[in-house]
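Engineer: Pasting in a structure now, in structure tokens, and then I'll have a few things to ask.
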Amino acid sequence: MDLHARDARRDVRELGELLGRVLEEQVSAEAFDLVESVRTAAIDYRRGEADSREALRSALDDLPTELEGAVARAFTTYFELVNLAEERERVRAVRTGTQEGTLSDGIAETAETLSEEADAETVRRVLDDVLVEPTFTAHPTEARRKTVKAKLRSVAEDLEALDERRLTDRERGRVERDLESEVTGLWQTPQVRRRRPEVTDEALNVQWYLERVLFDVVAEVYDELERELGAAFDEIEVPKLFEFRSWAGSDRDGNPYVTPEVTAETLARQRETVVDLYREQLERLSGVLSQGEDAGVGEAFAERLAADRERLPGVAADAQAEYPGEPYRQKLRLMRERLDRVGDVRPGEYDDPDELLADVDAIAESLRENGAEAVAAAEVDPLRRRVETFGLSLASLDLRDHRENHTAAVAEALAREGIDYAGMDEGERVETLTDAVLQDAPVIAVSDTDDLSDTAARVLTLFDRTADWQAEYGAQAIDTYCISMTDEPSHVLEVLFLADQAGLVDLPDHSGLDVVPLLETESALSGARRIMGTLFENEAYAAAVEARNGVQEIMLGYSDSNKENGFLAANWSLYRNQKRLADICDDHDVTLRLFHGRGGSISRGGGPMNDALLALPNETVTGQVKFTEQGEAIAEKYANPRIAERNLEQMLDAQLRARHDAIREPIEDVPDEWSAAMETAADAARAAYRDLLDTEGFVAYFEQATPITVIEELHLGSRPASRSGERSVEDLRAIPWVFSWTQSRAILPGWYSLAAGLDAYLRSGGDLATLREMYAEWPFFRTTLDNAALALARTDLEVAAEYATLADDDLRGEFFPRIEAEYDRAVELVTDIAERDGLLTREWLEESLERRNPYVDPLNLLQTRLLARDDRSPEAERTLRLTVKGIAGGMKNTG
């Protein structure tokens with residue numbers, strides 16, 4: 001069966017031709033001819049039909065400012081359209097693979113694997129253990145405006161219609177006309193933001209994916225899993241497996257604009273949104289469930305209907321008059337009324353999602369009792385999965401702030417009570433905080449912020465308001481508090497103390513917050529046993545963990561660990577310390593839930609999610625897993641419903657299989673020889689990486705040979721690019737650090753010092769055969785090398801050399817040869833160890849890079865020309881910023 005009418009080449013070709021017509025109409029024939037000459041010169045060089053880039057350079061030299069802008073605009077828009085064409089090709093692959101039964105890493109494969117390797121009891125245990133928690137952040141790595149994204153979704157819908165629908169000539173003509181309209185409007189829409197997005201904008205952006213895509217597709221994933229498992233096992237019930245969380249509107253670390261008012265607004269808007277979605281679902285069901293009383297409704301349903309009639313007698317009378325003899329419709333009318341009263345002063349609302357879920361379950365059970373199994377499965381079960389997943393909050397919010405702010409707030413608040421917390425050592429602080437939490441009487445009044453600094457007042461107000469939010473929206477709406485840069489046990493106890501003083505904690509029976517240390521520096525990771533061991537042996541904290549069902553969530557920071565240690569050393573440190581954390585939790589009979597602070601780029605923990613989950617140490621795979629979804633990665637994974645469904649299936653497949661493997665083999669069998677090899681390689685890699693960063697002049701080279709100064713001024717997100725405004729690698733946030741190297745095509749954070757480390761191992765007596773064995777049999781090592789290969793494949797040192805010419809001669813001579821040599825050796829080692837000819841194993845990715853590279857080159861060369869100018873006009877400055885967005889689109893990655 002032919003599922004599609006088009007392919008990627010046709011989409012790219014026709015979109016390119018359409019863009020060319022728009023360029024000629026909207027700018028000039030001269031601009032069109034220029035872009036064509038630039039495009040042709042770039043393609044000729046990449047194909048080997050030209051010996052140098054001289055023709056490309058000549059075409060870009062001495063252009064008038066307006067034509068520079070046209071070139072930047074044309075190639076930037078091209079990538080936006082090509083990305084949609086490739087998204088469509090991904091959808092084709094998913095649909096075709098599903099139809100033909102060839103799709104790997106999906107639900108069907110999950111069920112097949114479990115049916116071959118596990119009995120029903122084990123499968124039930126795996127399902128009961130697993131909970132996957134994607135957590136959407138507002139980290140500023142999305143380079144496109146919301147308006148531009150909306151127009152691109154319209155283009156995507158037109159491509160879908162042309163590809164999947166049987167259209168008459170007239171219908172096709174209308175779609176093609178709409179497509180031309182959208183591309184014209186896209187061209188006329190300013191690409192560069194004129195203001196920095198506000199926190200509310202970021203929260204609305206995250207909400208869009210939850211509301212418009214995930215709310216629908218999550219039920220489809222459950223339906224597929226139930227169908228596949230049902231074919232393999234009898235009477236397997238699938239519990240809740242997904243929970244979505246968000247930092248947008250609640251992450252205060254380094255962002256002064258995330259105020260309690262913003263968080264309150266986010267909570268209210270998300271509840272209103274999900275209630276509206278449920279109401280729409282119930283209205284639709286009312287059109288379906290028209291059965292009369294004669295069909296029979298069952299005792300449980302009758303009892304819940306009677307309870308609602310007693311709760312809302314006036315509404316019940318209206319429902320009976322409107323739907324005489326139709327009990328389901330009467331019930332649905334009463335349920336809609338209860339939803340309408342959520343957050344209202346009128347009584348009768350749903351107090352929590354469990355009440356709504358119980359009503360939905362009663363309807364499904366009743367339908368099954370009267371023989372309408374098909375109706376229950378098709379119409380009611382999807383709603384049940386949505387209520388189970390999204391509750392009455394759409395996504396639970398995580399709070400986060402820097403540990404320095406908590407310490408300052410506690411010190412000031414206690415000082416008013418005559419307690420010199422600031423003057424205490426770590427042991428004294430732990431003792432003081434523990435005694436304060438365990439005693440019944442409060443020590444401080446979090447609502448009293450008089451005479452406190454702005455920082456302290458802000459922290460205390462947040463805890464005070466959190467208690468109010470939990471009372472209004474339910475504890476599950478905002479029940480996690482993450483502590484950035486945790487280094488000491490007291491940093492965790494400070495948050496527990498503040499929560500206790502605000503009434504969020506009442507030990508030993510109740511703790512309303514998961515207190516989550518974020519371990520992101522080498523000292524914190526290596527000190528994990530000291531930090532967590534002290535906490536687990538602390539009377540107050542142990543009681544708090546027990547009150548949270550014995551689960552301790554610990555967040556790992558991939559970004560700062562990489563920036564501090566380099567790619568290989570950071571990956572090994574994270575792997576080794578995850579095992580250490582698992583041992584510590586096991587020693588204290590605590591269930592570990594790891595929270596992986598992953599970014600979109602390889603250097604920040606990116607890469608294929610299912611590979612990453614399967615490469616985790618078995619000891620850490622308790623079933624529950626949480627990870628961040630950031631920036632442009634959110635759009636790539638969740639903008640299209642079919643791709644979003646595929647991503648959820650792959651996550652679930654990986655986590656179910658990983659949990660099953662962990663049950664069979666609780667401790668991963670890693671030969672000592674392999675661990676020793678990694679220790680040697682990681683130590684040498686870290687030394688080589690630090691040597692580069694600590695060499696005098698490196699920061700200056702970084703400033704001169706990348707567009708960091710431009711990126712810092714882009715209106716990408718609401719929070720500042722630097723923590724303190726100082727100029728140092730340590731102070732710079734990880735996202736701009738990676739973004740800058742990606743723009744210059746060096747992508748140094750994704751591979752630098754990998755070769756230095758592996759060569760150190762080989763020089764110390766190691767051998768290539770052992771490394772090949774590690775690659776073949778150890779998921780961690782294979783995933784690490786494959787991710788490095790992705791970063792190396794995206795790197796283009798010939799283009800990076802263009803940026804190096806922007807640096808002073810002595811700096812370029814010092815640093816670029818070192819980068820170049822390390823790159824060449826890394827490519828050689830990765831291909832030797834993996835025993836393949838090229839860096840990439842995925843044909844589609846190789847085709848994508850071949851398609852993109854000739855179109856990124858002009859933007860890179862234009863960017864270097866603009867960066868070289870000391871005095872840029874406002875129009876040239878806008879063009880420069882546009883090249884940043886275009887290159888980000890071409891690389892499909894920012895930070």
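Naming works like this for the structure tokens: A, B, ... for the chains as they're shown, residue 1 at the start of each chain, ligands 1 onward in shown order.
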As a list in words, please: the residues near region 327-343 of chain A (cut-off 6 Å, only C-alpha atoms, same-chain neighbours under 2 positions excluded).

Structural biologist: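 Listed by chain and then number, they are Arg279, Ser286, Leu305, Ala319, Gly348, Glu349 and Tyr350 of chain A.
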
Engineer: Skip Leu60 (chain A) itself and residues of its chain fewer than 2 positions away, then list as a PDB file with all heavy atoms, in the first residue's frame all residues within 10 Å of it, counting only C-alpha atoms.

Structural biologist:
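result23.pdb, freshly written:
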ATOM      1  N   LEU A  34      22.081  36.684  -6.974  1.00  0.00           N
ATOM      2  CA  LEU A  34      23.192  36.605  -6.030  1.00  0.00           C
ATOM      3  C   LEU A  34      23.103  35.338  -5.188  1.00  0.00           C
ATOM      4  O   LEU A  34      24.093  34.605  -5.022  1.00  0.00           O
ATOM      5  CB  LEU A  34      23.208  37.844  -5.125  1.00  0.00           C
ATOM      6  CG  LEU A  34      24.194  37.792  -3.947  1.00  0.00           C
ATOM      7  CD1 LEU A  34      25.631  37.716  -4.441  1.00  0.00           C
ATOM      8  CD2 LEU A  34      23.997  39.011  -3.043  1.00  0.00           C
ATOM      9  N   VAL A  35      21.926  35.079  -4.632  1.00  0.00           N
ATOM     10  CA  VAL A  35      21.741  33.886  -3.810  1.00  0.00           C
ATOM     11  C   VAL A  35      22.012  32.630  -4.623  1.00  0.00           C
ATOM     12  O   VAL A  35      22.635  31.669  -4.137  1.00  0.00           O
ATOM     13  CB  VAL A  35      20.327  33.859  -3.195  1.00  0.00           C
ATOM     14  CG1 VAL A  35      20.025  32.499  -2.564  1.00  0.00           C
ATOM     15  CG2 VAL A  35      20.184  34.956  -2.149  1.00  0.00           C
ATOM     16  N   SER A  37      24.040  32.346  -7.186  1.00  0.00           N
ATOM     17  CA  SER A  37      25.485  32.213  -7.423  1.00  0.00           C
ATOM     18  C   SER A  37      26.200  31.741  -6.162  1.00  0.00           C
ATOM     19  O   SER A  37      27.128  30.927  -6.231  1.00  0.00           O
ATOM     20  CB  SER A  37      26.070  33.542  -7.905  1.00  0.00           C
ATOM     21  OG  SER A  37      25.984  34.540  -6.898  1.00  0.00           O
ATOM     22  N   VAL A  38      25.774  32.242  -5.019  1.00  0.00           N
ATOM     23  CA  VAL A  38      26.355  31.801  -3.743  1.00  0.00           C
ATOM     24  C   VAL A  38      26.054  30.327  -3.512  1.00  0.00           C
ATOM     25  O   VAL A  38      26.940  29.530  -3.145  1.00  0.00           O
ATOM     26  CB  VAL A  38      25.811  32.667  -2.588  1.00  0.00           C
ATOM     27  CG1 VAL A  38      26.164  32.040  -1.236  1.00  0.00           C
ATOM     28  CG2 VAL A  38      26.367  34.081  -2.669  1.00  0.00           C
ATOM     29  N   GLU A  54      37.003  29.970  -3.329  1.00  0.00           N
ATOM     30  CA  GLU A  54      37.276  31.321  -3.818  1.00  0.00           C
ATOM     31  C   GLU A  54      36.051  31.927  -4.488  1.00  0.00           C
ATOM     32  O   GLU A  54      35.755  33.114  -4.317  1.00  0.00           O
ATOM     33  CB  GLU A  54      38.460  31.296  -4.802  1.00  0.00           C
ATOM     34  CG  GLU A  54      39.058  32.677  -5.071  1.00  0.00           C
ATOM     35  CD  GLU A  54      39.434  33.410  -3.782  1.00  0.00           C
ATOM     36  OE1 GLU A  54      40.029  32.774  -2.883  1.00  0.00           O
ATOM     37  OE2 GLU A  54      39.106  34.608  -3.667  1.00  0.00           O
ATOM     38  N   ALA A  55      35.333  31.126  -5.280  1.00  0.00           N
ATOM     39  CA  ALA A  55      34.142  31.651  -5.955  1.00  0.00           C
ATOM     40  C   ALA A  55      33.088  32.070  -4.931  1.00  0.00           C
ATOM     41  O   ALA A  55      32.413  33.096  -5.095  1.00  0.00           O
ATOM     42  CB  ALA A  55      33.571  30.601  -6.903  1.00  0.00           C
ATOM     43  N   LEU A  56      32.959  31.292  -3.864  1.00  0.00           N
ATOM     44  CA  LEU A  56      32.000  31.625  -2.808  1.00  0.00           C
ATOM     45  C   LEU A  56      32.424  32.897  -2.084  1.00  0.00           C
ATOM     46  O   LEU A  56      31.605  33.784  -1.828  1.00  0.00           O
ATOM     47  CB  LEU A  56      31.898  30.458  -1.825  1.00  0.00           C
ATOM     48  CG  LEU A  56      30.983  30.636  -0.612  1.00  0.00           C
ATOM     49  CD1 LEU A  56      29.573  30.999  -1.027  1.00  0.00           C
ATOM     50  CD2 LEU A  56      30.985  29.369   0.240  1.00  0.00           C
ATOM     51  N   ARG A  57      33.707  32.981  -1.775  1.00  0.00           N
ATOM     52  CA  ARG A  57      34.198  34.200  -1.105  1.00  0.00           C
ATOM     53  C   ARG A  57      33.980  35.421  -1.991  1.00  0.00           C
ATOM     54  O   ARG A  57      33.561  36.486  -1.519  1.00  0.00           O
ATOM     55  CB  ARG A  57      35.676  34.045  -0.770  1.00  0.00           C
ATOM     56  CG  ARG A  57      35.975  33.043   0.320  1.00  0.00           C
ATOM     57  CD  ARG A  57      37.425  33.160   0.772  1.00  0.00           C
ATOM     58  NE  ARG A  57      37.724  32.201   1.814  1.00  0.00           N
ATOM     59  CZ  ARG A  57      38.203  30.978   1.600  1.00  0.00           C
ATOM     60  NH1 ARG A  57      38.427  30.586   0.352  1.00  0.00           N
ATOM     61  NH2 ARG A  57      38.450  30.160   2.593  1.00  0.00           N
ATOM     62  N   SER A  58      34.287  35.286  -3.266  1.00  0.00           N
ATOM     63  CA  SER A  58      34.147  36.418  -4.191  1.00  0.00           C
ATOM     64  C   SER A  58      32.700  36.889  -4.261  1.00  0.00           C
ATOM     65  O   SER A  58      32.419  38.090  -4.317  1.00  0.00           O
ATOM     66  CB  SER A  58      34.634  36.024  -5.585  1.00  0.00           C
ATOM     67  OG  SER A  58      36.006  35.702  -5.564  1.00  0.00           O
ATOM     68  N   ASP A  62      32.319  42.474  -0.535  1.00  0.00           N
ATOM     69  CA  ASP A  62      31.927  43.835  -0.919  1.00  0.00           C
ATOM     70  C   ASP A  62      30.461  43.950  -1.310  1.00  0.00           C
ATOM     71  O   ASP A  62      30.091  44.706  -2.224  1.00  0.00           O
ATOM     72  CB  ASP A  62      32.810  44.340  -2.075  1.00  0.00           C
ATOM     73  CG  ASP A  62      34.293  44.313  -1.716  1.00  0.00           C
ATOM     74  OD1 ASP A  62      34.617  44.625  -0.547  1.00  0.00           O
ATOM     75  OD2 ASP A  62      35.100  43.960  -2.593  1.00  0.00           O
ATOM     76  N   LEU A  63      29.598  43.196  -0.636  1.00  0.00           N
ATOM     77  CA  LEU A  63      28.171  43.309  -0.928  1.00  0.00           C
ATOM     78  C   LEU A  63      27.574  44.518  -0.232  1.00  0.00           C
ATOM     79  O   LEU A  63      27.966  44.864   0.889  1.00  0.00           O
ATOM     80  CB  LEU A  63      27.428  42.056  -0.428  1.00  0.00           C
ATOM     81  CG  LEU A  63      27.650  40.745  -1.180  1.00  0.00           C
ATOM     82  CD1 LEU A  63      26.849  39.635  -0.497  1.00  0.00           C
ATOM     83  CD2 LEU A  63      27.235  40.879  -2.639  1.00  0.00           C
ATOM     84  N   PRO A  64      26.603  45.172  -0.858  1.00  0.00           N
ATOM     85  CA  PRO A  64      25.851  46.208  -0.138  1.00  0.00           C
ATOM     86  C   PRO A  64      25.127  45.579   1.056  1.00  0.00           C
ATOM     87  O   PRO A  64      24.791  44.390   1.036  1.00  0.00           O
ATOM     88  CB  PRO A  64      24.843  46.705  -1.180  1.00  0.00           C
ATOM     89  CG  PRO A  64      25.363  46.254  -2.488  1.00  0.00           C
ATOM     90  CD  PRO A  64      26.151  45.002  -2.244  1.00  0.00           C
ATOM     91  N   LEU A  67      21.943  43.591   0.433  1.00  0.00           N
ATOM     92  CA  LEU A  67      22.092  42.276  -0.181  1.00  0.00           C
ATOM     93  C   LEU A  67      22.670  41.266   0.807  1.00  0.00           C
ATOM     94  O   LEU A  67      22.359  40.070   0.745  1.00  0.00           O
ATOM     95  CB  LEU A  67      22.967  42.368  -1.427  1.00  0.00           C
ATOM     96  CG  LEU A  67      22.299  43.008  -2.658  1.00  0.00           C
ATOM     97  CD1 LEU A  67      23.242  43.011  -3.849  1.00  0.00           C
ATOM     98  CD2 LEU A  67      21.003  42.285  -3.011  1.00  0.00           C
ATOM     99  N   GLU A  68      23.512  41.721   1.730  1.00  0.00           N
ATOM    100  CA  GLU A  68      23.962  40.824   2.802  1.00  0.00           C
ATOM    101  C   GLU A  68      22.757  40.313   3.587  1.00  0.00           C
ATOM    102  O   GLU A  68      22.665  39.127   3.907  1.00  0.00           O
ATOM    103  CB  GLU A  68      24.923  41.555   3.739  1.00  0.00           C
ATOM    104  CG  GLU A  68      26.299  41.803   3.167  1.00  0.00           C
ATOM    105  CD  GLU A  68      27.208  42.502   4.166  1.00  0.00           C
ATOM    106  OE1 GLU A  68      26.679  43.232   5.042  1.00  0.00           O
ATOM    107  OE2 GLU A  68      28.432  42.322   4.074  1.00  0.00           O
ATOM    108  N   VAL A  71      20.862  37.682   1.545  1.00  0.00           N
ATOM    109  CA  VAL A  71      21.536  36.381   1.557  1.00  0.00           C
ATOM    110  C   VAL A  71      21.285  35.665   2.885  1.00  0.00           C
ATOM    111  O   VAL A  71      20.923  34.477   2.917  1.00  0.00           O
ATOM    112  CB  VAL A  71      23.050  36.554   1.312  1.00  0.00           C
ATOM    113  CG1 VAL A  71      23.786  35.231   1.585  1.00  0.00           C
ATOM    114  CG2 VAL A  71      23.313  37.009  -0.109  1.00  0.00           C
ATOM    115  N   PRO A 858      27.697  29.419   3.301  1.00  0.00           N
ATOM    116  CA  PRO A 858      27.579  30.852   3.042  1.00  0.00           C
ATOM    117  C   PRO A 858      27.259  31.668   4.289  1.00  0.00           C
ATOM    118  O   PRO A 858      27.755  32.792   4.453  1.00  0.00           O
ATOM    119  CB  PRO A 858      26.438  30.930   2.018  1.00  0.00           C
ATOM    120  CG  PRO A 858      26.435  29.598   1.350  1.00  0.00           C
ATOM    121  CD  PRO A 858      26.805  28.632   2.424  1.00  0.00           C
ATOM    122  N   LEU A 859      26.430  31.099   5.171  1.00  0.00           N
ATOM    123  CA  LEU A 859      26.100  31.813   6.404  1.00  0.00           C
ATOM    124  C   LEU A 859      27.328  31.944   7.294  1.00  0.00           C
ATOM    125  O   LEU A 859      27.550  32.992   7.916  1.00  0.00           O
ATOM    126  CB  LEU A 859      24.976  31.089   7.141  1.00  0.00           C
ATOM    127  CG  LEU A 859      23.587  31.175   6.502  1.00  0.00           C
ATOM    128  CD1 LEU A 859      22.635  30.190   7.162  1.00  0.00           C
ATOM    129  CD2 LEU A 859      23.037  32.592   6.598  1.00  0.00           C
ATOM    130  N   LEU A 861      30.520  31.994   6.308  1.00  0.00           N
ATOM    131  CA  LEU A 861      31.452  32.955   5.716  1.00  0.00           C
ATOM    132  C   LEU A 861      30.929  34.377   5.837  1.00  0.00           C
ATOM    133  O   LEU A 861      31.699  35.318   6.090  1.00  0.00           O
ATOM    134  CB  LEU A 861      31.702  32.606   4.253  1.00  0.00           C
ATOM    135  CG  LEU A 861      32.445  31.281   4.013  1.00  0.00           C
ATOM    136  CD1 LEU A 861      32.636  31.035   2.522  1.00  0.00           C
ATOM    137  CD2 LEU A 861      33.798  31.284   4.715  1.00  0.00           C
ATOM    138  N   LEU A 862      29.631  34.555   5.673  1.00  0.00           N
ATOM    139  CA  LEU A 862      29.052  35.893   5.845  1.00  0.00           C
ATOM    140  C   LEU A 862      29.187  36.333   7.298  1.00  0.00           C
ATOM    141  O   LEU A 862      29.514  37.498   7.586  1.00  0.00           O
ATOM    142  CB  LEU A 862      27.584  35.877   5.425  1.00  0.00           C
ATOM    143  CG  LEU A 862      26.822  37.204   5.555  1.00  0.00           C
ATOM    144  CD1 LEU A 862      27.510  38.324   4.776  1.00  0.00           C
ATOM    145  CD2 LEU A 862      25.370  37.030   5.080  1.00  0.00           C
ATOM    146  N   ARG A 865      32.690  37.557   8.047  1.00  0.00           N
ATOM    147  CA  ARG A 865      32.926  38.892   7.475  1.00  0.00           C
ATOM    148  C   ARG A 865      32.312  39.983   8.337  1.00  0.00           C
ATOM    149  O   ARG A 865      32.912  41.036   8.553  1.00  0.00           O
ATOM    150  CB  ARG A 865      32.353  38.954   6.047  1.00  0.00           C
ATOM    151  CG  ARG A 865      33.301  38.342   5.017  1.00  0.00           C
ATOM    152  CD  ARG A 865      32.580  37.848   3.779  1.00  0.00           C
ATOM    153  NE  ARG A 865      33.540  37.444   2.758  1.00  0.00           N
ATOM    154  CZ  ARG A 865      34.301  36.374   2.844  1.00  0.00           C
ATOM    155  NH1 ARG A 865      34.233  35.602   3.913  1.00  0.00           N
ATOM    156  NH2 ARG A 865      35.144  36.069   1.862  1.00  0.00           N
TER     157      ARG A 865
END

Engineer: One decimal, in Å: what's the spacing between CA of Ala502 (chain A) and CA of Thr466 (chain A)?

Structural biologist: 8.2 Å

Engineer: Got a sec to tell me which of region 406-593 of chain A DSSP assigns to strand (DSSP E or B), as a ChimeraX atom specification?

Structural biologist: /A:480-484,505-506,510-511,514-519,551-557,591-593

Engineer: Nearest residue to Val443 (chain A) out of A:Phe497, A:Tyr541, A:Tyr481, A:Tyr421, using only C-alpha atoms?

Structural biologist: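 Closest candidate: A:Phe497.
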
Engineer: Have a look at A:Ser490, A:Thr113, A:Ser181, A:Gln470 and name the one nearest to Arg429 (chain A); count only C-alpha atoms.

Structural biologist: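 Smallest separation from Arg429 (chain A) among the options: A:Ser490.
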
Engineer: So that I can check the surroundings of region 568-574 of chain A, please list as JSON, numbers by chain every protein, DNA and RNA residue that reaches within 7 Å of it, counting only C-alpha atoms and ignoring chain neighbours fewer than 3 positions away.

Structural biologist: {"A": [561, 562, 565, 577, 578, 682, 683, 685, 686, 754]}

Engineer: Can you work out which one of A:Ala654, A:Gly512, A:Ala415, A:Thr432 has the shortest atom-to-atom distance to Leu114 (chain A), counting only C-alpha atoms?

Structural biologist: A:Ala654

Engineer: Can you measure CA of Gln281 (chain A) to CA of Glu243 (chain A) for me? One decimal in Å is fine.

Structural biologist: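 Distance reported for this atom pair: 19.8 Å.
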
Engineer: Taking into account only C-alpha atoms, which residue in the set A:Val621, A:Val345, A:Ala364, A:Leu383 is nearest to Arg664 (chain A)?

Structural biologist: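 Distance minimum relative to Arg664 (chain A) lands on A:Val621.
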
Engineer: For Arg659 (chain A), find every residue with an atom within 7 Å (counting only C-alpha atoms), except residues of its own chain fewer than 6 positions away, and show them as a ChimeraX atom specification.

Structural biologist: /A:126,621-623

Engineer: Selected residues, N, CA, C and O atoms, written as a PDB file, in the first residue's frame, please.

Structural biologist:
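Below is the file that was written, part.pdb:
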ATOM      1  N   VAL A 126       7.854  -4.922  36.321  1.00  0.00           N
ATOM      2  CA  VAL A 126       8.501  -3.902  35.494  1.00  0.00           C
ATOM      3  C   VAL A 126       7.554  -2.726  35.286  1.00  0.00           C
ATOM      4  O   VAL A 126       7.931  -1.555  35.464  1.00  0.00           O
ATOM      5  N   VAL A 621      18.931   1.919  37.584  1.00  0.00           N
ATOM      6  CA  VAL A 621      17.645   1.814  36.883  1.00  0.00           C
ATOM      7  C   VAL A 621      16.603   1.218  37.820  1.00  0.00           C
ATOM      8  O   VAL A 621      16.315   0.019  37.797  1.00  0.00           O
ATOM      9  N   THR A 622      16.044   2.059  38.656  1.00  0.00           N
ATOM     10  CA  THR A 622      15.010   1.633  39.603  1.00  0.00           C
ATOM     11  C   THR A 622      13.634   1.604  38.959  1.00  0.00           C
ATOM     12  O   THR A 622      12.681   1.106  39.552  1.00  0.00           O
ATOM     13  N   GLY A 623      13.538   2.169  37.777  1.00  0.00           N
ATOM     14  CA  GLY A 623      12.255   2.237  37.070  1.00  0.00           C
ATOM     15  C   GLY A 623      11.822   3.663  36.859  1.00  0.00           C
ATOM     16  O   GLY A 623      11.351   4.045  35.782  1.00  0.00           O
TER      17      GLY A 623
END

Engineer: Name all residues at most 10 Å from Gly298 (chain A) (count only C-alpha atoms; drop same-chain ones fewer than 5 positions away) and give them as a PyMOL selection string.

Structural biologist: chain A and resi 303+362-363+365-370

Engineer: Compile the contact shell of Arg304 (chain A) as a PyMOL selection string: residues with an atom at most 10 Å away, counting only C-alpha atoms, same-chain residues fewer than 4 positions apart removed.

Structural biologist: chain A and resi 299-300+308-310+331+358-359+362-363

Engineer: Could you write those residues out with C-alpha atoms, as an mmCIF file, in the first residue's frame?

Structural biologist:
data_model
loop_
_atom_site.group_PDB
_atom_site.id
_atom_site.type_symbol
_atom_site.label_atom_id
_atom_site.label_comp_id
_atom_site.auth_asym_id
_atom_site.auth_seq_id
_atom_site.Cartn_x
_atom_site.Cartn_y
_atom_site.Cartn_z
ATOM 1 C CA GLU A 299 -24.275 -0.467 40.715
ATOM 2 C CA ALA A 300 -21.019 1.502 40.939
ATOM 3 C CA ASP A 308 -23.622 13.847 42.182
ATOM 4 C CA ARG A 309 -27.391 14.396 42.189
ATOM 5 C CA GLU A 310 -27.235 14.917 45.923
ATOM 6 C CA LYS A 331 -23.562 12.065 34.577
ATOM 7 C CA ALA A 358 -13.005 7.646 39.645
ATOM 8 C CA ASP A 359 -15.925 9.076 37.655
ATOM 9 C CA ALA A 362 -17.145 4.277 36.690
ATOM 10 C CA ILE A 363 -18.352 5.127 33.197
#

Engineer: As a ChimeraX atom specification, please: every residue in region 413-478 of chain A that DSSP puts in helix (DSSP H, G or I).

Structural biologist: /A:413-415,426-438,454-473,475-477
